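Here's work_3.cif, which has mmCIF, C-alpha atoms and all ligand atoms:
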data_model
#
loop_
_atom_site.group_PDB
_atom_site.id
_atom_site.type_symbol
_atom_site.label_atom_id
_atom_site.label_comp_id
_atom_site.auth_asym_id
_atom_site.auth_seq_id
_atom_site.Cartn_x
_atom_site.Cartn_y
_atom_site.Cartn_z
ATOM 1 C CA MET A 1 14.046 -7.724 7.974
ATOM 2 C CA GLU A 2 14.674 -4.428 6.264
ATOM 3 C CA ILE A 3 12.181 -1.677 5.370
ATOM 4 C CA ARG A 4 13.615 0.535 2.669
ATOM 5 C CA VAL A 5 13.024 2.411 -0.558
ATOM 6 C CA MET A 6 12.635 0.082 -3.522
ATOM 7 C CA ARG A 7 15.649 -0.369 -5.832
ATOM 8 C CA PRO A 8 15.616 -1.037 -9.583
ATOM 9 C CA GLU A 9 16.865 -4.604 -8.985
ATOM 10 C CA ASP A 10 13.792 -5.343 -6.821
ATOM 11 C CA GLU A 11 11.398 -4.863 -9.718
ATOM 12 C CA ALA A 12 11.022 -8.503 -10.849
ATOM 13 C CA LYS A 13 10.400 -9.691 -7.276
ATOM 14 C CA VAL A 14 7.944 -6.875 -6.666
ATOM 15 C CA TYR A 15 6.068 -7.777 -9.836
ATOM 16 C CA ALA A 16 5.867 -11.432 -8.780
ATOM 17 C CA LEU A 17 4.530 -10.316 -5.399
ATOM 18 C CA ILE A 18 1.755 -8.115 -6.742
ATOM 19 C CA SER A 19 0.816 -10.699 -9.377
ATOM 20 C CA GLU A 20 0.133 -13.305 -6.696
ATOM 21 C CA SER A 21 -1.417 -10.875 -4.202
ATOM 22 C CA LEU A 22 -3.751 -8.540 -6.077
ATOM 23 C CA ASP A 23 -6.801 -9.517 -8.078
ATOM 24 C CA GLU A 24 -6.448 -6.823 -10.764
ATOM 25 C CA TYR A 25 -3.990 -7.187 -13.657
ATOM 26 C CA PHE A 26 -1.078 -4.760 -13.742
ATOM 27 C CA ALA A 27 1.501 -4.577 -16.546
ATOM 28 C CA PRO A 28 5.108 -4.954 -15.316
ATOM 29 C CA GLN A 29 5.904 -1.449 -16.601
ATOM 30 C CA VAL A 30 3.592 -0.006 -13.953
ATOM 31 C CA ILE A 31 6.201 -0.749 -11.285
ATOM 32 C CA THR A 32 8.903 1.086 -13.237
ATOM 33 C CA PHE A 33 6.544 3.978 -13.910
ATOM 34 C CA PHE A 34 5.755 4.506 -10.224
ATOM 35 C CA ARG A 35 9.439 4.315 -9.324
ATOM 36 C CA MET A 36 10.401 6.881 -11.952
ATOM 37 C CA GLN A 37 7.614 9.239 -10.820
ATOM 38 C CA TRP A 38 8.500 9.187 -7.127
ATOM 39 C CA PRO A 39 11.455 6.989 -6.076
ATOM 40 C CA ALA A 40 11.137 7.807 -2.348
ATOM 41 C CA GLY A 41 7.469 6.804 -2.369
ATOM 42 C CA GLN A 42 8.113 3.145 -3.291
ATOM 43 C CA ILE A 43 8.665 1.126 -0.113
ATOM 44 C CA VAL A 44 9.567 -2.542 0.280
ATOM 45 C CA ALA A 45 10.150 -4.936 3.171
ATOM 46 C CA CYS A 46 12.835 -7.556 2.463
ATOM 47 C CA ASP A 47 14.072 -10.574 4.370
ATOM 48 C CA LEU A 48 17.745 -11.374 4.964
ATOM 49 C CA PHE A 49 17.964 -13.074 1.562
ATOM 50 C CA GLY A 50 16.596 -10.102 -0.333
ATOM 51 C CA ASN A 51 13.159 -11.642 -0.873
ATOM 52 C CA VAL A 52 10.523 -8.934 -1.129
ATOM 53 C CA LEU A 53 7.805 -9.578 1.496
ATOM 54 C CA CYS A 54 5.815 -6.365 1.111
ATOM 55 C CA TYR A 55 5.534 -3.567 -1.436
ATOM 56 C CA LEU A 56 3.784 -0.206 -1.365
ATOM 57 C CA ALA A 57 3.624 2.051 -4.423
ATOM 58 C CA GLY A 58 2.900 5.689 -3.669
ATOM 59 C CA THR A 59 2.020 8.450 -6.097
ATOM 60 C CA LYS A 60 1.699 12.206 -5.784
ATOM 61 C CA LEU A 61 -1.755 13.501 -6.701
ATOM 62 C CA PRO A 62 -2.600 16.915 -8.190
ATOM 63 C CA ASN A 63 -4.913 17.588 -5.210
ATOM 64 C CA GLY A 64 -1.940 17.935 -2.859
ATOM 65 C CA ARG A 65 -2.310 14.470 -1.380
ATOM 66 C CA VAL A 66 -0.301 11.337 -1.890
ATOM 67 C CA SER A 67 -1.938 8.063 -2.780
ATOM 68 C CA VAL A 68 -1.267 4.433 -1.914
ATOM 69 C CA HIS A 69 -1.638 2.933 -5.349
ATOM 70 C CA LEU A 70 -0.498 -0.660 -4.834
ATOM 71 C CA PHE A 71 0.058 -2.374 -1.508
ATOM 72 C CA ALA A 72 0.572 -6.055 -0.775
ATOM 73 C CA THR A 73 2.276 -8.363 1.664
ATOM 74 C CA ALA A 74 3.242 -11.866 0.449
ATOM 75 C CA PRO A 75 0.444 -14.278 1.454
ATOM 76 C CA GLY A 76 2.641 -16.264 3.871
ATOM 77 C CA SER A 77 3.862 -13.127 5.625
ATOM 78 C CA ARG A 78 0.542 -11.392 6.369
ATOM 79 C CA GLY A 79 -0.680 -10.594 9.845
ATOM 80 C CA LYS A 80 2.844 -10.169 11.269
ATOM 81 C CA GLY A 81 2.988 -6.395 11.344
ATOM 82 C CA ILE A 82 5.001 -5.992 8.143
ATOM 83 C CA GLY A 83 2.303 -4.022 6.321
ATOM 84 C CA THR A 84 1.965 -1.637 9.268
ATOM 85 C CA MET A 85 5.722 -0.976 9.266
ATOM 86 C CA VAL A 86 5.794 -0.371 5.517
ATOM 87 C CA LEU A 87 2.798 1.973 5.743
ATOM 88 C CA ASN A 88 4.465 3.908 8.585
ATOM 89 C CA ARG A 89 7.610 4.287 6.492
ATOM 90 C CA PHE A 90 5.471 5.601 3.648
ATOM 91 C CA LYS A 91 3.811 8.097 6.003
ATOM 92 C CA GLN A 92 7.276 9.372 6.929
ATOM 93 C CA ALA A 93 8.214 9.721 3.242
ATOM 94 C CA ALA A 94 5.036 11.722 2.611
ATOM 95 C CA LEU A 95 5.581 13.984 5.637
ATOM 96 C CA MET A 96 9.205 14.620 4.664
ATOM 97 C CA GLU A 97 8.013 16.000 1.333
ATOM 98 C CA GLY A 98 5.428 18.246 2.954
ATOM 99 C CA PHE A 99 2.290 16.169 2.346
ATOM 100 C CA SER A 100 -0.195 15.978 5.172
ATOM 101 C CA SER A 101 -2.746 13.497 3.920
ATOM 102 C CA ILE A 102 -2.867 10.161 2.140
ATOM 103 C CA GLN A 103 -5.750 8.791 0.129
ATOM 104 C CA LEU A 104 -6.447 5.375 -1.303
ATOM 105 C CA GLU A 105 -9.208 3.310 -2.810
ATOM 106 C CA VAL A 106 -10.089 -0.161 -1.608
ATOM 107 C CA LYS A 107 -12.627 -2.666 -2.894
ATOM 108 C CA GLU A 108 -15.826 -2.594 -0.873
ATOM 109 C CA ARG A 109 -15.642 -6.353 -0.354
ATOM 110 C CA ASN A 110 -12.009 -6.237 0.861
ATOM 111 C CA THR A 111 -13.105 -5.777 4.459
ATOM 112 C CA ARG A 112 -9.825 -7.084 5.917
ATOM 113 C CA ALA A 113 -7.824 -4.418 4.088
ATOM 114 C CA MET A 114 -10.397 -1.762 5.063
ATOM 115 C CA ASP A 115 -10.140 -2.753 8.726
ATOM 116 C CA PHE A 116 -6.350 -2.649 8.431
ATOM 117 C CA TYR A 117 -6.500 0.899 7.039
ATOM 118 C CA LYS A 118 -8.951 2.035 9.741
ATOM 119 C CA ARG A 119 -6.600 0.782 12.433
ATOM 120 C CA ASN A 120 -3.860 2.763 10.723
ATOM 121 C CA GLY A 121 -5.628 6.116 10.804
ATOM 122 C CA PHE A 122 -7.682 6.063 7.576
ATOM 123 C CA VAL A 123 -11.352 7.051 7.489
ATOM 124 C CA PRO A 124 -13.836 6.328 4.660
ATOM 125 C CA VAL A 125 -14.776 9.521 2.806
ATOM 126 C CA GLU A 126 -16.523 8.436 -0.396
ATOM 127 C CA TYR A 127 -18.359 5.479 -1.884
ATOM 128 C CA LEU A 128 -17.169 4.683 -5.437
ATOM 129 C CA GLU A 129 -19.874 2.900 -7.419
ATOM 130 C CA SER A 130 -18.524 0.443 -10.061
ATOM 131 C CA PHE A 131 -15.054 1.927 -9.633
ATOM 132 C CA TYR A 132 -13.017 -1.137 -10.619
ATOM 133 C CA ASN A 133 -12.468 -2.842 -13.986
ATOM 134 C CA ASP A 134 -14.414 -5.895 -12.823
ATOM 135 C CA GLY A 135 -17.437 -3.689 -12.039
ATOM 136 C CA SER A 136 -17.063 -3.868 -8.275
ATOM 137 C CA SER A 137 -17.478 -0.815 -6.101
ATOM 138 C CA GLY A 138 -14.913 0.739 -3.816
ATOM 139 C CA VAL A 139 -14.414 3.085 -0.917
ATOM 140 C CA ARG A 140 -12.045 6.054 -0.858
ATOM 141 C CA MET A 141 -10.245 6.458 2.448
ATOM 142 C CA VAL A 142 -8.120 9.340 3.731
ATOM 143 C CA CYS A 143 -5.508 9.536 6.468
ATOM 144 C CA ASP A 144 -4.723 12.948 7.944
ATOM 145 C CA LEU A 145 -1.076 12.659 8.908
ATOM 146 C CA GLY A 146 -1.386 15.440 11.474
ATOM 147 C CA ALA A 147 -4.009 13.471 13.383
ATOM 148 C CA GLY A 148 -3.544 9.894 12.211
ATOM 149 C CA TYR A 149 0.209 9.401 12.193
ATOM 150 C CA ARG A 150 1.512 7.047 14.838
ATOM 151 C CA THR A 151 4.886 5.406 15.129
HETATM 152 C C1 LIG B 1 -3.617 -5.407 3.564
HETATM 153 C C2 LIG B 1 -2.188 -5.936 3.698
HETATM 154 C C3 LIG B 1 -1.259 -5.181 2.746
HETATM 155 C C4 LIG B 1 -1.732 -5.747 5.164
HETATM 156 O O1 LIG B 1 -0.415 -6.240 5.285
HETATM 157 P P1 LIG B 1 0.035 -7.142 6.551
HETATM 158 O O2 LIG B 1 1.505 -7.299 6.459
HETATM 159 O O3 LIG B 1 -0.807 -8.345 6.634
HETATM 160 O O4 LIG B 1 -0.352 -6.115 7.717
HETATM 161 P P2 LIG B 1 -0.120 -6.249 9.288
HETATM 162 O O5 LIG B 1 0.439 -7.588 9.626
HETATM 163 O O6 LIG B 1 0.599 -5.042 9.730
HETATM 164 O O7 LIG B 1 -1.607 -6.154 9.808
HETATM 165 C C5 LIG B 1 -2.403 -7.290 9.622
HETATM 166 C C6 LIG B 1 -3.805 -6.939 9.928
HETATM 167 O O8 LIG B 1 -4.449 -6.635 8.687
HETATM 168 C C7 LIG B 1 -5.572 -7.488 8.532
HETATM 169 N N1 LIG B 1 -5.466 -8.207 7.273
HETATM 170 C C8 LIG B 1 -5.991 -7.705 6.127
HETATM 171 N N2 LIG B 1 -5.861 -8.603 5.150
HETATM 172 C C9 LIG B 1 -5.217 -9.694 5.687
HETATM 173 C C10 LIG B 1 -4.805 -10.944 5.151
HETATM 174 N N3 LIG B 1 -5.080 -11.249 3.848
HETATM 175 N N4 LIG B 1 -4.136 -11.807 5.954
HETATM 176 C C11 LIG B 1 -3.879 -11.515 7.252
HETATM 177 N N5 LIG B 1 -4.262 -10.321 7.809
HETATM 178 C C12 LIG B 1 -4.938 -9.417 7.028
HETATM 179 C C13 LIG B 1 -5.657 -8.444 9.664
HETATM 180 O O9 LIG B 1 -6.923 -8.211 10.266
HETATM 181 C C14 LIG B 1 -4.513 -8.094 10.575
HETATM 182 O O10 LIG B 1 -5.011 -7.662 11.781
HETATM 183 P P3 LIG B 1 -4.504 -8.333 13.150
HETATM 184 O O11 LIG B 1 -3.027 -8.059 13.206
HETATM 185 O O12 LIG B 1 -5.312 -7.619 14.157
HETATM 186 O O13 LIG B 1 -4.832 -9.785 12.981
HETATM 187 C C15 LIG B 1 -2.110 -7.457 3.387
HETATM 188 O O14 LIG B 1 -2.996 -8.143 4.217
HETATM 189 C C16 LIG B 1 -2.369 -7.844 1.944
HETATM 190 O O15 LIG B 1 -1.435 -7.927 1.148
HETATM 191 N N6 LIG B 1 -3.625 -8.113 1.579
HETATM 192 C C17 LIG B 1 -3.948 -8.573 0.226
HETATM 193 C C18 LIG B 1 -3.782 -7.453 -0.796
HETATM 194 C C19 LIG B 1 -4.645 -6.271 -0.462
HETATM 195 O O16 LIG B 1 -5.818 -6.419 -0.144
HETATM 196 N N7 LIG B 1 -4.049 -5.053 -0.562
HETATM 197 C C20 LIG B 1 -4.735 -3.824 -0.301
HETATM 198 C C21 LIG B 1 -5.411 -3.379 -1.523
HETATM 199 S S1 LIG B 1 -6.146 -1.764 -1.270
#

Please re-express this file's structure in structure tokens.
Ligand SMILES: CC(C)(COP(=O)(O)OP(=O)(O)OC[C@H]1O[C@@H](n2cnc3c(N)ncnc32)[C@H](O)[C@@H]1OP(=O)(O)O)[C@@H](O)C(=O)NCCC(=O)NCCS
Amino acid sequence: MEIRVMRPEDEAKVYALISESLDEYFAPQVITFFRMQWPAGQIVACDLFGNVLCYLAGTKLPNGRVSVHLFATAPGSRGKGIGTMVLNRFKQAALMEGFSSIQLEVKERNTRAMDFYKRNGFVPVEYLESFYNDGSSGVRMVCDLGAGYRT
């Protein structure tokens, strides 16, 4: 398996992955947009055949943090440590560009993802009432890379 920065030719596979993994609709152009904004902040895990098993889309925020905007591992590949490796690679990318904290929003009911983030150094900082398009609420979480970064 390979953890690397996403390439333009990965886009269709990445779109298929997020379409089957996330319960919000995203237009295909969103993937291109994130890649154009910050190429080094788009991380994928691929198998030997080039299949994309995990994708993380990072963005740079005006508040001096970076954000994990989209993050999914293919359903059949979850729970094998791939997401942790991709997140660690993203932490490195953020540190290399001088960022020291990462923020993200997660649905309140997505307790598995929240537990995953807590184990990876994120702490809840804010409750987000009716934050999502479907009316559900969320939680904002922050990871201080000085304190929370582990390899
Ligand atoms: C959250 C996610 C990206 C983690 O990726 P991953 O490759 O499964 O991560 P790892 O294998 O490194 O860690 C797995 C851990 O995350 C937790 N986890 C969260 N969601 C899980 C899922 N749907 N299936 C299996 N494990 C899951 C497990 O508790 C597991 O812990 P364990 O190793 O102690 O059993 C992935 O589970 C996923 O794609 N979930 C669905 C989409 C999603 O919720 N994205 C986040 C939106 S904010």

Write out as a CSV table (one decimal) with C-alpha atoms, in the frame of the given file each polymer residue whose atoms come within 10 Å of range 23-39 of chain A, counting all atoms listed in the file; drop sequence neighbours fewer than 6 positions from it.
chain,number,residue,atom,x,y,z
A,5,VAL,CA,13.0,2.4,-0.6
A,6,MET,CA,12.6,0.1,-3.5
A,7,ARG,CA,15.6,-0.4,-5.8
A,8,PRO,CA,15.6,-1.0,-9.6
A,10,ASP,CA,13.8,-5.3,-6.8
A,11,GLU,CA,11.4,-4.9,-9.7
A,12,ALA,CA,11.0,-8.5,-10.8
A,14,VAL,CA,7.9,-6.9,-6.7
A,15,TYR,CA,6.1,-7.8,-9.8
A,16,ALA,CA,5.9,-11.4,-8.8
A,57,ALA,CA,3.6,2.1,-4.4
A,58,GLY,CA,2.9,5.7,-3.7
A,59,THR,CA,2.0,8.4,-6.1
A,60,LYS,CA,1.7,12.2,-5.8
A,69,HIS,CA,-1.6,2.9,-5.3
A,70,LEU,CA,-0.5,-0.7,-4.8
A,132,TYR,CA,-13.0,-1.1,-10.6
A,133,ASN,CA,-12.5,-2.8,-14.0
A,134,ASP,CA,-14.4,-5.9,-12.8

Polymer residues at most 12 Å from (-3.7, 18.1, -1.9) by only C-alpha atoms, as a PyMOL selection string: chain A and resi 59-67+94+98-103+142+144

Of the listed residues A:Ala40, A:Leu95, A:Met85, A:Ala113, that which approaches Ile3 in chain A most closely, counting all atoms listed in the file: A:Met85

Shell of 10 Å around range 114-122 of chain A, only C-alpha atoms, local chain residues under 5 positions omitted, as a ChimeraX atom specification: /A:79,83-84,87-88,101-109,139-145,147-150

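When only C-alpha atoms and all ligand atoms are used to compute distances to ligand LIG 1 (chain B), the closest of the residues A:Gly81, A:Phe131, A:Gln92, A:Thr111 turns out to be A:Gly81.
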
Can you report as AutoDock Vina command-line options the centre and edge lengths in Å, to one decimal, of an axis-aligned box around the listed atoms of ligand LIG 1 (chain B) padded with 8 Å on each side?
--center_x -2.7 --center_y -6.8 --center_z 6.3 --size_x 24.4 --size_y 26.0 --size_z 31.7

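Proximity of A:Ala72, A:Ala45, A:Met96, A:Leu53 to ligand LIG 1 (chain B), computed with all atoms listed in the file, is greatest for A:Ala72.
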
CA of Val52 in chain A to CA of Glu97 in chain A, distance in Å rounded to a single decimal: 25.2 Å

Using all atoms listed in the file: which of A:Val123, A:Ile18, A:Val86, A:Met1 has the shortest distance to Gln42 in chain A: A:Val86

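We find atom O8 of ligand LIG 1 (chain B) and CA of Lys80 in chain A to be spaced 8.5 Å apart.
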
Interatomic distance, atom C8 of ligand LIG 1 (chain B) to CA of Leu22 in chain A (Å, one decimal): 12.4 Å

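For the set A:Cys54, A:Cys46, A:Gly135, A:Val125, the residue with the smallest atom-to-atom gap to ligand LIG 1 (chain B) is A:Cys54, counting all atoms listed in the file.
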
Of the listed residues A:Val44, A:Ala93, A:Leu128, A:Ile82, that which approaches ligand LIG 1 (chain B) most closely, counting all atoms listed in the file: A:Ile82

Please complete range 64-94 of chain A so it has N, CA and C atoms, and hand it over as a tab-separated table (two decimals), in the coordinates of the input.
chain	number	residue	atom	x	y	z
A	64	GLY	N	-2.79	17.64	-4.02
A	64	GLY	CA	-1.94	17.93	-2.86
A	64	GLY	C	-1.84	16.78	-1.87
A	65	ARG	N	-2.45	15.66	-2.22
A	65	ARG	CA	-2.31	14.47	-1.38
A	65	ARG	C	-1.37	13.48	-2.05
A	66	VAL	N	-0.94	12.50	-1.28
A	66	VAL	CA	-0.30	11.34	-1.89
A	66	VAL	C	-1.29	10.18	-1.83
A	67	SER	N	-1.03	9.20	-2.69
A	67	SER	CA	-1.94	8.06	-2.78
A	67	SER	C	-1.16	6.76	-2.61
A	68	VAL	N	-1.80	5.81	-1.93
A	68	VAL	CA	-1.27	4.43	-1.91
A	68	VAL	C	-1.90	3.74	-3.11
A	69	HIS	N	-1.08	3.45	-4.10
A	69	HIS	CA	-1.64	2.93	-5.35
A	69	HIS	C	-1.65	1.41	-5.37
A	70	LEU	N	-0.58	0.80	-4.95
A	70	LEU	CA	-0.50	-0.66	-4.83
A	70	LEU	C	0.08	-0.97	-3.46
A	71	PHE	N	-0.44	-2.03	-2.85
A	71	PHE	CA	0.06	-2.37	-1.51
A	71	PHE	C	-0.24	-3.86	-1.27
A	72	ALA	N	0.80	-4.63	-1.04
A	72	ALA	CA	0.57	-6.06	-0.78
A	72	ALA	C	1.71	-6.64	0.05
A	73	THR	N	1.32	-7.53	0.94
A	73	THR	CA	2.28	-8.36	1.66
A	73	THR	C	2.15	-9.78	1.10
A	74	ALA	N	3.27	-10.49	0.96
A	74	ALA	CA	3.24	-11.87	0.45
A	74	ALA	C	2.29	-12.70	1.32
A	75	PRO	N	1.48	-13.56	0.69
A	75	PRO	CA	0.44	-14.28	1.45
A	75	PRO	C	0.96	-14.95	2.73
A	76	GLY	N	2.13	-15.56	2.69
A	76	GLY	CA	2.64	-16.26	3.87
A	76	GLY	C	3.19	-15.36	4.95
A	77	SER	N	3.26	-14.07	4.67
A	77	SER	CA	3.86	-13.13	5.62
A	77	SER	C	2.85	-12.14	6.20
A	78	ARG	N	1.56	-12.35	5.89
A	78	ARG	CA	0.54	-11.39	6.37
A	78	ARG	C	0.24	-11.59	7.85
A	79	GLY	N	-0.26	-10.52	8.45
A	79	GLY	CA	-0.68	-10.59	9.85
A	79	GLY	C	0.47	-10.59	10.83
A	80	LYS	N	1.68	-10.18	10.38
A	80	LYS	CA	2.84	-10.17	11.27
A	80	LYS	C	3.36	-8.76	11.51
A	81	GLY	N	2.59	-7.78	11.10
A	81	GLY	CA	2.99	-6.40	11.34
A	81	GLY	C	3.83	-5.77	10.25
A	82	ILE	N	4.12	-6.53	9.19
A	82	ILE	CA	5.00	-5.99	8.14
A	82	ILE	C	4.30	-4.86	7.38
A	83	GLY	N	3.04	-5.06	7.05
A	83	GLY	CA	2.30	-4.02	6.32
A	83	GLY	C	2.23	-2.72	7.11
A	84	THR	N	2.02	-2.84	8.42
A	84	THR	CA	1.96	-1.64	9.27
A	84	THR	C	3.30	-0.89	9.23
A	85	MET	N	4.40	-1.63	9.29
A	85	MET	CA	5.72	-0.98	9.27
A	85	MET	C	5.97	-0.29	7.93
A	86	VAL	N	5.59	-0.96	6.85
A	86	VAL	CA	5.79	-0.37	5.52
A	86	VAL	C	4.93	0.88	5.35
A	87	LEU	N	3.68	0.80	5.83
A	87	LEU	CA	2.80	1.97	5.74
A	87	LEU	C	3.35	3.13	6.58
A	88	ASN	N	3.88	2.84	7.76
A	88	ASN	CA	4.46	3.91	8.59
A	88	ASN	C	5.66	4.56	7.90
A	89	ARG	N	6.47	3.73	7.23
A	89	ARG	CA	7.61	4.29	6.49
A	89	ARG	C	7.12	5.20	5.35
A	90	PHE	N	6.04	4.78	4.72
A	90	PHE	CA	5.47	5.60	3.65
A	90	PHE	C	4.93	6.92	4.21
A	91	LYS	N	4.29	6.87	5.37
A	91	LYS	CA	3.81	8.10	6.00
A	91	LYS	C	4.97	9.06	6.25
A	92	GLN	N	6.09	8.53	6.71
A	92	GLN	CA	7.28	9.37	6.93
A	92	GLN	C	7.73	10.01	5.62
A	93	ALA	N	7.77	9.20	4.55
A	93	ALA	CA	8.21	9.72	3.24
A	93	ALA	C	7.30	10.86	2.80
A	94	ALA	N	5.99	10.68	3.01
A	94	ALA	CA	5.04	11.72	2.61
A	94	ALA	C	5.24	13.00	3.44
